[in-house]
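A.B. asks: Sharing a structure, written as structure tokens. Questions coming.
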Amino acid sequence: MQKNRQKDRSDHSINRVIACVLSFIFITMAIAVPAHAEEEQVETTPSRIPLSELEKTIDAYVASYEKYTAAVSVVAIKDGETIVNKAYGLADIEDQRKADTSTVFEWASISKLLVYTSVIQLVEQGKLDLETDIKEYLPEGFFKKLKYDDPITLMNLMHHNAGWEDQTAAEVYYYSKNETLELGETLRKNEPKQIYKPDSIVGYSNYGVGLAAYIVELQSGQPFYEYVNQHIFKPLNMNDTTIHPTGQDHPDVVRRRNEIEGYTKDLKRISHNRVYVTFYPAGAAIGTAEDLAKFLAALMPVDDSNLLFTNRNTLNEMLSTSLYYDGTSIPRFAHGFVEMEYWVPTLMHEGNLKGFSSKVVFDPESKFGMIVMTNQSFEEIYYYGLINKIFGNNLYSNSVTSERGGYFQSARRAASRFTNLFTALDIKEYSKAELSKFYNVVERNGVVEKVSVTPYIDFLPVSSLKVNLIKISFIPVALAIIFSLSVLIVCLIRMLLYKLNKRGNPLTHFDKYHLAIHFAGMLLLLNLLVILTRLPSYPSYSSLRIHLMFNLLYVVLALAYLGLLIYKLWKSSYSKRQKVMYIMSGVSALILAVFIVGWDLYI
């Protein structure tokens, strides 16, 4: 009996222990489930950074790259509210002027989003149609250099595939307010050649966007900057931004813009970094990042209210895919907005101007967006690095069936301008592995026909034969330069010896022309080197005109020398050695003249 009681007590104790353990488990689960549910509700960036930690994350990121940073302004928007608005670094390193949220930056090509929005506003009003040939909206005979009869539409202008060659930086920028022209006039004056069939090749075009803005002018009856002031800036209370070609409608913004300097990636100050944009709607906006955030918030309204369009469906349509990469279902453009796949699908646009870089990226689905503006040219730490940290990396991969890579040239190139030579020298060789990492590769029967290196630009294949011919073409030029230099040295030594020792023969009358053409050849080489070294600093076309005129003058001198040479050889008697020397000089001058004309290195 005693044993049974002890056993009952033991069983009872065990049951109590089991009950306690089970109760503990149930209580823990009851506590844990709400905590887990609460954790799931924490809002994050696309890269899974909690929004509550976003500002600290950005602070830490900027601090880690402080020694590479001039100034950077960062704004983050979520559900229509600004959750981060901070500026870091120095607007002017030399004067130690700090940047703040009122600092005015260059929008650069983000300005194009104002053009696309304006076009869609007029489409909503029935004043424009995206698929109509734009010649119907323009004055008769507006274009003089179209190669194809195919219609060009506003959609082509938004997709950068109307087919125009690229303008040089010297033609896109100018430095004096006095050079400012009315938009229609400057578009006529600077019309580029059409080198691709519309709809076939994407080649980023400032001219095309400027043309779309001019059509907005014609249909609205207002200068483009006035239209934007009334229909975009005023409704959004964007009081710290202007897109006037010189900013004269907002002098306070211009004053603040002049308080910030532009720098290179390695923090070297860029002289004359205040430039004006020839096709100004394509890149002339200046303002604060905070003001740009108002525009960004309007693209992601949290309710049915809409400040940009009468109908919410119009906004949805503007932000919907309008162009896919060739042969795929991968989005490329949404009516001018670039579609970019980070860890979530986003819309974005980038901007680079002399001394400034800017980027806006947003996810309409989660209503999260971000703006980064810096005063450094082609900046990458924030432009790419910070954006990738917040949105996640954008990784693209393609299955390339071609056995190997090849040579490719950007479709955004000058084809009939003085930079034609420099774009030819920019032909790049890509391996098969490199091709597979680009946004899209178009192949036919194992042959690569087109590569989209960036969303904005296609690259086209260049045959090895053409590349080799370009390389070979420099051989006679190099020989002509070496020959001219040798002749100059020999003639100078000869003149010096004759003057000092009266040895040898004095220069004949024709020898002076012979010497002059070689001297001009050396000046030509120096002139080309000056042009080459000046191009990266975005000189104005007017400042390069004298260099191009000298190139043309050399061609005239070379032809004059050849004519005089033929006349002298016919009329005068020279030794065999002299004849060979004179003829080789003529051939040398002809080679350099052909080089100038062949590569359009003249006005």
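We name chains A, B, ... following the order of the structure tokens; residues begin at 1 in each chain, and ligands are numbered from 1 as shown.
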Residues of range 230-402 of chain A classed as alpha helix (DSSP H) by DSSP on the backbone are to be reported as a list of chain:residue names.
C.D. replies: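 Everything in range 230-402 of chain A that counts as alpha helix (DSSP H) is A:Pro251, A:Asp252, A:Val253, A:Val254, A:Arg255, A:Arg256, A:Arg257, A:Ala289, A:Glu290, A:Asp291, A:Leu292, A:Ala293, A:Lys294, A:Phe295, A:Leu296, A:Ala297, A:Ala298, A:Arg312, A:Asn313, A:Thr314, A:Leu315, A:Asn316, A:Glu317, A:Met318, A:Ile387, A:Asn388, A:Lys389, A:Ile390, A:Phe391.
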A.B. asks: Excluding range 594-600 of chain A and its own-chain neighbours fewer than 4 positions away, which residues fall within 10 Å of it when counting only C-alpha atoms? Please give them as a ChimeraX atom specification.
C.D. replies: /A:415-422,424,473-474,476-477,524,528,548,551-552,554-555,558,589-590
A.B. asks: Do you know which residues are at most 9 Å from Ile270 in chain A counting only C-alpha atoms, after dropping those on the same chain fewer than 3 positions away, and could you put them as a list in words?
C.D. replies: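 Contacts, in chain order: Glu261, Gly262, Tyr263, Thr264, Leu267, Asn273, Lys354, Gly355, Ser377 and Ser537 of chain A.
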A.B. asks: Please, what distance in Å, to one decimal, runs between CA of Arg404 in chain A and CA of Phe438 in chain A?
C.D. replies: 14.9 Å
A.B. asks: To one decimal place, how far is CA of Glu365 in chain A from CA of Ser397 in chain A in Å?
C.D. replies: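 Between CA of Glu365 in chain A and CA of Ser397 in chain A the gap works out to 24.5 Å.
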A.B. asks: Give me the residues near Val119 in chain A as a ChimeraX atom specification, where near means some atom within 8 Å (using only C-alpha atoms) and where sequence neighbours in that chain fewer than 3 positions away do not count.
C.D. replies: /A:115-116,122-123,128,212-213,216
A.B. asks: Write a file of the selected residues as a compact mmCIF listing (two decimals), in the first residue's frame, keeping C-alpha atoms.
C.D. replies:
```
# COMPACT_ATOMS: atom_id res chain seq x y z
CA VAL A 115 9.47 67.06 -70.80
CA TYR A 116 7.91 63.59 -70.73
CA LEU A 122 -1.09 67.42 -73.41
CA VAL A 123 -1.88 63.88 -74.56
CA LEU A 128 -0.99 65.53 -78.76
CA ALA A 212 9.57 67.11 -77.78
CA ALA A 213 9.72 70.21 -75.55
CA VAL A 216 4.92 71.25 -76.15
```
A.B. asks: Please provide the set of residues having any atom within 10 Å of Leu130 in chain A, restricted to only C-alpha atoms, with same-chain residues fewer than 4 positions apart removed, written as number ranges by chain.
C.D. replies: A: 119-120, 123, 134, 152-158, 335
A.B. asks: Apply DSSP to the backbone of this structure and, from range 230-313 of chain A, keep only the residues in strand (DSSP E or B); write these as a list in words.
C.D. replies: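 After running DSSP on the backbone, range 230-313 of chain A has strand (DSSP E or B) at Thr241, Thr242, Tyr263, Arg269, Tyr276, Val277, Ile286 and Gly287 of chain A.
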A.B. asks: Between CA of Ser540 in chain A and CA of Gly208 in chain A, what distance in Å does the model show, to one decimal?
C.D. replies: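 Computing it gives 20.3 Å between the two atoms.
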A.B. asks: Which residues come within 9 Å of Phe105 in chain A, counting only C-alpha atoms, excluding same-chain residues fewer than 5 positions away, as an MDAnalysis selection string?
C.D. replies: chainID A and resid 73 256:257 260 285:289 356:358 373:375
A.B. asks: Restricting the calculation to only C-alpha atoms: of A:Tyr148, A:Tyr207, A:Tyr439, A:Phe550, which residue gets closest to Thr186 in chain A?
C.D. replies: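 The shortest atom-to-atom distance to Thr186 in chain A comes from A:Tyr207.
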A.B. asks: Set the distance at 8 Å and use only C-alpha atoms: which residues neighbour Tyr225 in chain A once local chain neighbours fewer than 5 positions away are removed? I'd like the list as a list in words.
C.D. replies: Thr242, Ile243, His244, Pro245 and Pro281 of chain A
